[in-house]
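> File follows, upload_23.cif with mmCIF, C-alpha atoms:
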```cif
data_work
loop_
_atom_site.label_atom_id
_atom_site.label_comp_id
_atom_site.auth_asym_id
_atom_site.auth_seq_id
_atom_site.Cartn_x
_atom_site.Cartn_y
_atom_site.Cartn_z
CA MET A 1 47.64 90.97 120.56
CA TRP A 2 44.26 92.05 121.94
CA TRP A 3 43.12 95.64 121.82
CA GLN A 4 39.77 97.38 122.15
CA ARG A 5 39.38 97.91 118.42
CA SER A 6 39.45 94.14 117.83
CA TYR A 7 35.77 94.23 118.78
CA GLU A 8 34.74 97.01 116.45
CA GLY A 9 32.47 96.68 113.46
CA GLU A 10 32.12 99.28 110.77
CA VAL A 11 29.28 101.17 109.13
CA PHE A 12 29.90 102.97 105.86
CA ILE A 13 27.29 105.14 104.11
CA ASP A 14 28.46 106.68 100.87
CA HIS A 15 26.51 109.42 99.10
CA ARG A 16 29.49 110.91 97.28
CA ALA A 17 27.80 110.20 93.95
CA SER A 18 24.22 110.63 95.14
CA PRO A 19 21.75 113.34 96.19
CA GLY A 20 21.90 111.84 99.69
CA LEU A 21 19.25 111.24 102.32
CA PRO A 22 16.61 113.94 102.83
CA GLU A 23 17.33 115.89 106.00
CA HIS A 24 14.20 114.79 107.88
CA ILE A 25 14.92 111.11 107.25
CA ALA A 26 18.59 111.48 108.19
CA ARG A 27 17.60 113.16 111.47
CA ALA A 28 14.95 110.54 112.18
CA MET A 29 17.53 107.80 111.63
CA GLY A 30 19.91 109.47 114.07
CA TYR A 31 22.45 110.75 111.55
CA ASP A 32 23.80 114.24 111.25
CA PRO A 33 22.28 115.32 107.88
CA LYS A 34 25.63 116.86 106.97
CA GLN A 35 27.15 113.36 107.00
CA THR A 36 24.56 111.68 104.79
CA GLY A 37 23.70 114.53 102.42
CA GLU A 38 24.68 115.03 98.81
CA GLY A 39 28.33 114.30 98.14
CA ARG A 40 29.04 113.13 101.69
CA LYS A 41 30.42 109.97 103.21
CA PHE A 42 29.72 108.70 106.73
CA GLU A 43 32.04 106.11 108.19
CA ALA A 44 32.10 105.03 111.83
CA ALA A 45 33.04 102.17 114.08
CA THR A 46 30.35 100.17 115.88
CA ARG A 47 30.54 98.34 119.19
CA MET A 48 28.31 96.07 121.21
CA CYS A 49 27.59 96.86 124.85
CA SER A 50 28.60 93.84 126.93
CA HIS A 51 25.90 94.60 129.52
CA CYS A 52 22.78 95.15 127.38
CA GLY A 53 23.80 93.94 123.92
CA SER A 54 22.95 97.22 122.21
CA ARG A 55 24.70 97.98 118.95
CA VAL A 56 26.23 101.45 119.20
CA ILE A 57 27.47 103.54 116.27
CA LEU A 58 30.40 105.41 117.77
CA ASN A 59 30.30 109.13 117.03
CA PRO A 60 33.69 109.84 115.45
CA ASP A 61 33.54 113.45 116.73
CA ARG A 62 33.05 112.51 120.39
CA SER A 63 35.86 113.56 122.68
CA ARG A 64 34.41 112.38 126.02
CA GLU A 65 35.79 109.05 127.18
CA ARG A 66 33.80 105.89 126.64
CA ALA A 67 33.13 103.41 129.40
CA THR A 68 34.55 99.94 129.74
CA CYS A 69 33.78 97.40 132.45
CA LEU A 70 36.68 95.86 134.36
CA SER A 71 34.42 92.98 135.42
CA CYS A 72 33.85 92.19 131.73
CA SER A 73 37.56 92.04 130.82
CA SER A 74 37.48 95.75 129.93
CA HIS A 75 34.83 95.33 127.25
CA TYR A 76 32.89 98.36 126.05
CA ILE A 77 29.62 99.34 127.75
CA CYS A 78 27.17 101.96 126.47
CA ASP A 79 26.41 105.26 128.20
CA ALA A 80 23.09 104.01 129.61
CA CYS A 81 24.73 100.96 131.20
CA ASP A 82 27.58 103.16 132.44
CA TYR A 83 25.01 105.33 134.25
CA GLU A 84 23.23 102.28 135.62
CA ARG A 85 26.39 100.75 137.08
CA ARG A 86 27.05 103.91 139.09
CA GLN A 87 23.79 103.50 141.02
CA PRO A 88 24.09 102.39 144.66
CA ASP A 89 21.96 99.24 144.31
CA TYR A 90 23.65 98.08 141.10
CA VAL A 91 24.33 94.35 140.65
CA HIS A 92 26.80 93.51 137.90
CA ARG A 93 25.46 91.08 135.29
CA THR A 94 26.78 90.48 131.81
CA LEU A 95 24.47 90.11 128.84
CA ARG A 96 24.94 86.34 128.93
CA GLN A 97 24.03 86.20 132.62
CA LYS A 98 20.89 88.25 131.93
CA MET A 99 19.94 85.90 129.09
CA GLU A 100 20.41 82.90 131.36
CA LEU A 101 18.21 84.52 134.01
CA ALA A 102 15.55 85.15 131.38
CA ASN A 103 15.91 81.59 130.05
CA VAL A 104 16.63 82.86 126.52
CA MET B 105 32.10 76.32 108.73
CA SER B 106 32.19 78.17 105.47
CA LYS B 107 31.13 81.68 104.66
CA ARG B 108 28.55 82.13 101.93
CA MET B 109 27.37 85.07 99.85
CA PHE B 110 23.69 85.74 99.19
CA THR B 111 23.28 88.31 96.42
CA THR B 112 20.18 89.93 94.97
CA ALA B 113 19.26 92.61 92.44
CA ILE B 114 15.78 93.76 93.33
CA SER B 115 13.40 96.48 92.22
CA TYR B 116 11.50 97.36 95.39
CA ALA B 117 8.46 98.83 93.64
CA THR B 118 6.15 98.37 96.62
CA PRO B 119 7.56 99.48 99.99
CA THR B 120 6.25 97.54 102.97
CA ALA B 121 5.29 98.63 106.48
CA LEU B 122 6.49 96.93 109.63
CA GLY B 123 4.06 94.18 110.56
CA ALA B 124 3.10 93.53 106.93
CA VAL B 125 4.03 90.91 104.33
CA PRO B 126 6.49 92.06 101.66
CA THR B 127 5.59 91.52 98.01
CA THR B 128 7.09 88.44 96.35
CA ALA B 129 10.59 89.06 94.96
CA GLN B 130 10.78 92.37 96.84
CA PHE B 131 12.59 91.13 99.93
CA MET B 132 15.52 88.91 100.76
CA ALA B 133 15.30 86.49 103.63
CA ILE B 134 17.37 83.92 105.48
CA ARG B 135 15.72 81.25 107.58
CA ALA B 136 17.05 78.48 109.75
CA THR B 137 15.82 75.03 108.80
CA LEU B 138 17.03 72.85 111.65
CA THR B 139 16.13 72.76 115.34
CA ILE B 140 19.80 73.07 116.18
CA GLY B 141 21.55 75.27 113.67
CA GLY B 142 21.40 78.63 112.03
CA CYS B 143 23.73 81.31 110.77
CA ASP B 144 25.37 84.61 111.60
CA ILE B 145 25.12 87.51 109.14
CA LEU B 146 28.61 88.96 109.06
CA GLU B 147 28.34 91.72 106.52
CA ILE B 148 25.68 93.54 104.49
CA SER B 149 26.25 95.74 101.49
CA VAL B 150 23.51 97.67 99.70
CA GLN B 151 24.23 99.48 96.44
CA GLY B 152 21.52 101.78 95.12
CA THR B 153 20.69 101.27 91.45
CA SER B 154 17.70 103.57 90.99
CA THR B 155 17.80 105.89 87.99
CA ALA B 156 16.31 108.83 89.91
CA SER B 157 16.50 110.09 93.47
CA ALA B 158 14.51 107.79 95.79
CA VAL B 159 15.00 106.66 99.38
CA PHE B 160 15.51 102.94 99.89
CA GLY B 161 14.25 102.29 103.40
CA GLY B 162 16.46 99.29 104.01
CA CYS B 163 15.34 97.43 107.12
CA LEU B 164 16.64 94.13 108.46
CA LYS B 165 13.96 92.76 110.76
CA ARG B 166 12.95 89.42 112.18
CA ALA B 167 9.87 87.66 110.84
CA SER B 168 7.02 87.41 113.36
CA THR B 169 5.38 84.79 111.11
CA THR B 170 7.80 82.76 109.08
CA SER B 171 7.35 82.00 105.40
CA THR B 172 5.73 78.67 104.56
CA GLY B 173 6.49 76.04 101.96
CA GLY B 174 10.16 76.99 101.78
CA TYR B 175 11.52 79.42 99.22
CA THR B 176 11.26 79.20 95.47
CA ALA B 177 14.68 78.52 93.94
CA LEU B 178 16.81 81.58 93.33
CA ALA B 179 17.19 82.58 89.70
CA ASN B 180 19.58 84.99 88.01
CA PRO B 181 20.59 87.64 88.88
CA ASN B 182 19.97 86.48 92.46
CA ALA B 183 22.46 83.95 93.79
CA ASP B 184 23.69 82.17 96.89
CA GLY B 185 26.88 80.16 97.11
CA PRO B 186 30.00 79.50 99.15
CA ALA B 187 32.70 82.15 99.24
CA ASP B 188 35.32 79.41 99.20
CA PRO B 189 34.68 76.88 96.41
CA ARG B 190 36.21 74.08 98.49
CA ALA B 191 33.67 74.56 101.27
CA ASN B 192 30.14 73.31 101.35
CA GLN B 193 29.42 72.65 105.03
CA GLY B 194 26.42 73.97 106.85
CA THR B 195 24.25 74.60 103.82
CA THR B 196 21.39 72.51 105.18
CA ALA B 197 21.20 74.66 108.32
CA VAL B 198 19.69 77.66 106.50
CA ALA B 199 17.78 78.55 103.34
CA THR B 200 17.82 81.84 101.44
CA GLY B 201 15.22 83.28 99.13
CA VAL B 202 13.25 86.19 97.77
CA ALA B 203 9.86 84.45 97.54
CA GLY B 204 8.04 81.95 99.73
CA VAL B 205 6.48 78.98 97.93
CA THR B 206 3.20 79.26 99.85
CA THR B 207 3.42 82.50 101.82
CA ASN B 208 6.04 85.19 102.34
CA PRO B 209 7.29 86.06 105.83
CA THR B 210 5.53 88.69 107.92
CA VAL B 211 8.05 91.22 109.17
CA SER B 212 7.75 91.82 112.87
CA SER B 213 6.51 95.12 114.23
CA LEU B 214 7.54 94.29 117.80
CA ALA B 215 9.97 96.65 119.46
CA THR B 216 11.59 93.62 121.08
CA ASP B 217 12.66 92.16 117.73
CA THR B 218 15.94 93.13 116.12
CA ALA B 219 15.72 95.91 113.52
CA ILE B 220 18.66 97.39 111.69
CA ALA B 221 18.15 100.56 109.67
CA MET B 222 20.10 101.00 106.48
CA SER B 223 18.30 103.73 104.57
CA ILE B 224 20.15 105.29 101.66
CA ASN B 225 19.33 107.34 98.62
CA ALA B 226 19.16 104.56 96.03
CA PHE B 227 20.28 106.95 93.29
CA GLY B 228 23.99 106.25 93.69
CA GLY B 229 24.00 105.69 97.45
CA LEU B 230 25.87 102.85 99.10
CA TYR B 231 25.56 101.24 102.54
CA ARG B 232 27.93 98.70 103.97
CA GLU B 233 28.04 97.27 107.46
CA ASN B 234 30.57 94.86 108.82
CA PHE B 235 29.31 93.54 112.13
CA ALA B 236 31.65 93.40 115.08
CA PRO B 237 32.44 90.02 116.66
CA THR B 238 29.48 88.88 118.82
CA GLN B 239 27.35 91.63 117.25
CA GLN B 240 26.14 89.67 114.23
CA PRO B 241 22.39 89.28 113.64
CA SER B 242 21.64 85.57 113.77
CA VAL B 243 18.86 83.18 112.86
CA MET B 244 18.47 79.85 114.58
CA GLY B 245 16.00 77.12 115.42
CA THR B 246 12.55 76.58 113.99
CA THR B 247 10.50 79.05 116.01
CA ALA B 248 9.53 82.64 115.14
CA PRO B 249 10.84 85.27 115.49
CA TYR B 250 14.37 83.83 115.64
CA GLN B 251 13.99 81.46 112.70
CA GLU B 252 13.88 84.02 109.90
CA ILE B 253 15.21 87.51 109.20
CA VAL B 254 14.17 89.72 106.30
CA LEU B 255 15.69 92.68 104.46
CA PHE B 256 13.02 94.76 102.77
CA ASN B 257 12.15 98.31 101.74
CA CYS B 258 10.35 99.75 104.76
CA ASN B 259 8.05 102.76 104.47
CA THR B 260 7.30 102.99 108.18
CA SER B 261 8.79 106.09 109.82
CA PRO B 262 11.71 106.72 110.13
CA TRP B 263 12.87 104.42 107.32
CA GLY B 264 11.00 106.42 104.69
CA GLY B 265 11.27 103.90 101.86
CA ALA B 266 9.91 104.73 98.40
CA ALA B 267 9.94 102.75 95.15
CA SER B 268 13.63 102.10 94.47
CA SER B 269 16.14 99.50 93.30
CA THR B 270 19.25 98.05 94.90
CA ASN B 271 21.83 95.35 94.53
CA THR B 272 22.48 93.77 97.91
CA PHE B 273 24.64 91.05 99.33
CA PHE B 274 24.91 89.31 102.66
CA ILE B 275 28.03 87.48 103.77
CA TYR B 276 26.80 84.88 106.24
CA GLU B 277 28.12 81.82 107.96
CA PRO B 278 25.92 78.77 108.62
CA TYR B 279 26.73 76.52 111.56
#
```
As structure tokens, please, write out the structure in this file.


Amino acid sequence: MWWQRSYEGEVFIDHRASPGLPEHIARAMGYDPKQTGEGRKFEAATRMCSHCGSRVILNPDRSRERATCLSCSSHYICDACDYERRQPDYVHRTLRQKMELANV
Amino acid sequence: MSKRMFTTAISYATPTALGAVPTTAQFMAIRATLTIGGCDILEISVQGTSTASAVFGGCLKRASTTSTGGYTALANPNADGPADPRANQGTTAVATGVAGVTTNPTVSSLATDTAIAMSINAFGGLYRENFAPTQQPSVMGTTAPYQEIVLFNCNTSPWGGAASSTNTFFIYEPY
């Protein structure tokens, strides 16, 4: 049976037995310092945007809905691509189609 | 094809900046060796083994200039072998190493090349990433930057790497 979570990866950062990342480095890396500090564990799912290929670490505390694209068999798309597809001159192209256009 | 495990225990005494060449035996790299062929990296695990608090600025980045002369053979405690002892396919498609015979790879500083950040505090910290299907970093072909990918201790901001030690393994699948 297929479900959205079949396409999830996982990132796991464990500082339960460690002083943890310094706050300035944690912030610079995009983490909440509370999740990577001393004695803390950060665990989150990751997804790939089917429009741009970005790897997205899903914020486990987010309550807003996440976008999927019906033209891509309901695969996940990131917030930036979700915004882009709502523009009036938008042309739908999957990552593979973009790569073919760019001859990659 | 068969999954393989590439394991290292490295003391990263000299952190490296993006765009520079890591010190011998202070990086781990996978490179494709055939025009058609390569591998997907499926999982990475980094276990900090430093004896005092120090940031390991783990960075997985493509090589803008690939290593030359191949790699020197891995020696204990570093290792690379099939996960399933019955399987041995695909091993000629990639090579793994921690030292180039002639030169080490130059890690790319281009924003257009893949970079994955995995900084931890190497004093007891642990990082593990299991890549989602279709999300795996890959190497393929015989042309930079897609031929070789390098994990090293990066001191460029925001990685913030300092002298530290880790045990690391990749689970990868040649094809």

> Work out how far CA of Cys81 in chain A is from CA of Gln35 in chain A, in Å to one decimal.

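About the pair CA of Gln35 in chain A and CA of Cys81 in chain A: they are 27.3 Å apart.
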
> Could you jot down the CA of Leu164 in chain B to CA of Ala219 in chain B separation for me, Å, one decimal place?

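Straight-line distance from CA of Leu164 in chain B to CA of Ala219 in chain B works out to 5.4 Å.
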
> Find the residues in chain B near chain A: any atom within 9 Å counts, using all atoms listed in the file. Write them as a PyMOL selection string.

chain B and resi 157-159+221-239+261-264

> Show which residues sit within 12 Å of range 137-147 of chain B, as a PyMOL selection string. Count all atoms listed in the file, and ignore same-chain residues fewer than 6 positions away.

(chain A and resi 9-12) or (chain B and resi 105-111+164+170-175+193-200+231-248+250-255+272-279)

> Could you work out how far CA of Ser154 in chain B lies from CA of Arg135 in chain B, giving the answer in Å with one decimal?

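Computed distance, CA of Arg135 in chain B to CA of Ser154 in chain B, equals 27.9 Å.
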
> I'd like the neighbourhood of range 65-74 of chain A as a PyMOL selection string, where a residue qualifies if any of its atoms comes within 12 Å (using all atoms listed in the file), though same-chain residues fewer than 4 positions away should be ignored.

chain A and resi 2-5+7+47-51+56+58-61+78-86+91-97

> On this structure, the PyMOL selection byres ((chain B and resi 267) around 9) would catch which residues? List them as a list in words, sorted by chain and number.

Ser115, Tyr116, Ala117, Thr118, Pro119, Ser154, Ala158, Val159, Phe160, Asn257, Gly265, Ala266, Ser268 and Ser269 of chain B

> Run the PyMOL selection byres ((chain B and resi 112) around 10) on the file and write out the hits as a list in words.

Met109, Phe110, Thr111, Ala113, Ile114, Ser115, Ala129, Gln130, Phe131, Met132, Val150, Leu178, Ala179, Asn180, Pro181, Asn182, Ala183, Asp184, Gly201, Val202, Thr270, Asn271, Thr272, Phe273 and Phe274 of chain B

> Of the candidates B:Thr120, B:Thr128, B:Ser149, B:Thr207, which one gets nearest to Thr260 in chain B if we count all atoms listed in the file?

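Checking each candidate against Thr260 in chain B, we get B:Thr120 as the closest.
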
> Extract range 155-179 of chain B from the structure I just pasted (atoms: N, CA and C atoms) and return it as a CSV table (one decimal), in the first residue's frame.


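Dumped everything to out31.csv:
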```
chain,number,residue,atom,x,y,z
B,155,THR,N,37.4,13.2,23.1
B,155,THR,CA,37.4,13.1,24.5
B,155,THR,C,37.2,14.4,25.2
B,156,ALA,N,36.9,15.4,24.5
B,156,ALA,CA,36.5,16.7,25.0
B,156,ALA,C,35.5,17.4,24.0
B,157,SER,N,34.8,18.4,24.5
B,157,SER,CA,33.8,19.1,23.7
B,157,SER,C,34.5,19.7,22.5
B,158,ALA,N,34.0,19.4,21.3
B,158,ALA,CA,34.6,19.9,20.0
B,158,ALA,C,33.5,19.7,18.9
B,159,VAL,N,33.3,20.7,18.1
B,159,VAL,CA,32.4,20.6,17.0
B,159,VAL,C,33.0,19.9,15.8
B,160,PHE,N,32.4,18.8,15.4
B,160,PHE,CA,32.8,18.2,14.1
B,160,PHE,C,31.9,18.8,13.0
B,161,GLY,N,32.5,19.5,12.1
B,161,GLY,CA,31.7,20.2,11.1
B,161,GLY,C,31.5,19.2,9.9
B,162,GLY,N,30.8,18.2,10.1
B,162,GLY,CA,30.6,17.2,9.1
B,162,GLY,C,30.0,17.8,7.8
B,163,CYS,N,30.6,17.6,6.7
B,163,CYS,CA,30.1,18.1,5.4
B,163,CYS,C,30.3,17.1,4.3
B,164,LEU,N,29.2,16.8,3.7
B,164,LEU,CA,29.3,15.9,2.5
B,164,LEU,C,29.2,16.8,1.3
B,165,LYS,N,30.2,16.8,0.5
B,165,LYS,CA,30.3,17.8,-0.6
B,165,LYS,C,31.0,17.1,-1.8
B,166,ARG,N,30.5,17.5,-3.0
B,166,ARG,CA,31.2,17.0,-4.2
B,166,ARG,C,32.6,17.5,-4.4
B,167,ALA,N,33.4,16.8,-5.1
B,167,ALA,CA,34.8,17.2,-5.4
B,167,ALA,C,34.8,17.9,-6.7
B,168,SER,N,35.3,19.2,-6.6
B,168,SER,CA,35.4,20.0,-7.9
B,168,SER,C,36.6,19.5,-8.7
B,169,THR,N,37.6,19.0,-8.0
B,169,THR,CA,38.7,18.3,-8.7
B,169,THR,C,38.9,17.0,-8.1
B,170,THR,N,38.8,15.9,-8.9
B,170,THR,CA,38.8,14.6,-8.3
B,170,THR,C,40.2,14.2,-7.9
B,171,SER,N,40.3,13.2,-7.0
B,171,SER,CA,41.6,12.7,-6.6
B,171,SER,C,42.2,12.0,-7.7
B,172,THR,N,43.6,11.9,-7.7
B,172,THR,CA,44.3,11.2,-8.8
B,172,THR,C,45.1,10.1,-8.3
B,173,GLY,N,45.3,9.1,-9.2
B,173,GLY,CA,46.1,7.9,-8.8
B,173,GLY,C,45.3,6.9,-8.1
B,174,GLY,N,44.0,7.1,-7.9
B,174,GLY,CA,43.2,6.1,-7.1
B,174,GLY,C,43.4,6.4,-5.7
B,175,TYR,N,42.8,5.5,-4.8
B,175,TYR,CA,43.0,5.6,-3.4
B,175,TYR,C,44.0,4.6,-2.9
B,176,THR,N,44.7,4.9,-1.8
B,176,THR,CA,45.5,3.9,-1.2
B,176,THR,C,44.6,2.9,-0.5
B,177,ALA,N,45.0,1.7,-0.4
B,177,ALA,CA,44.1,0.6,0.1
B,177,ALA,C,43.8,1.0,1.6
B,178,LEU,N,42.5,0.7,1.9
B,178,LEU,CA,42.0,0.9,3.3
B,178,LEU,C,42.8,0.0,4.2
B,179,ALA,N,43.0,0.5,5.4
B,179,ALA,CA,43.7,-0.4,6.4
B,179,ALA,C,42.9,-0.2,7.7
```
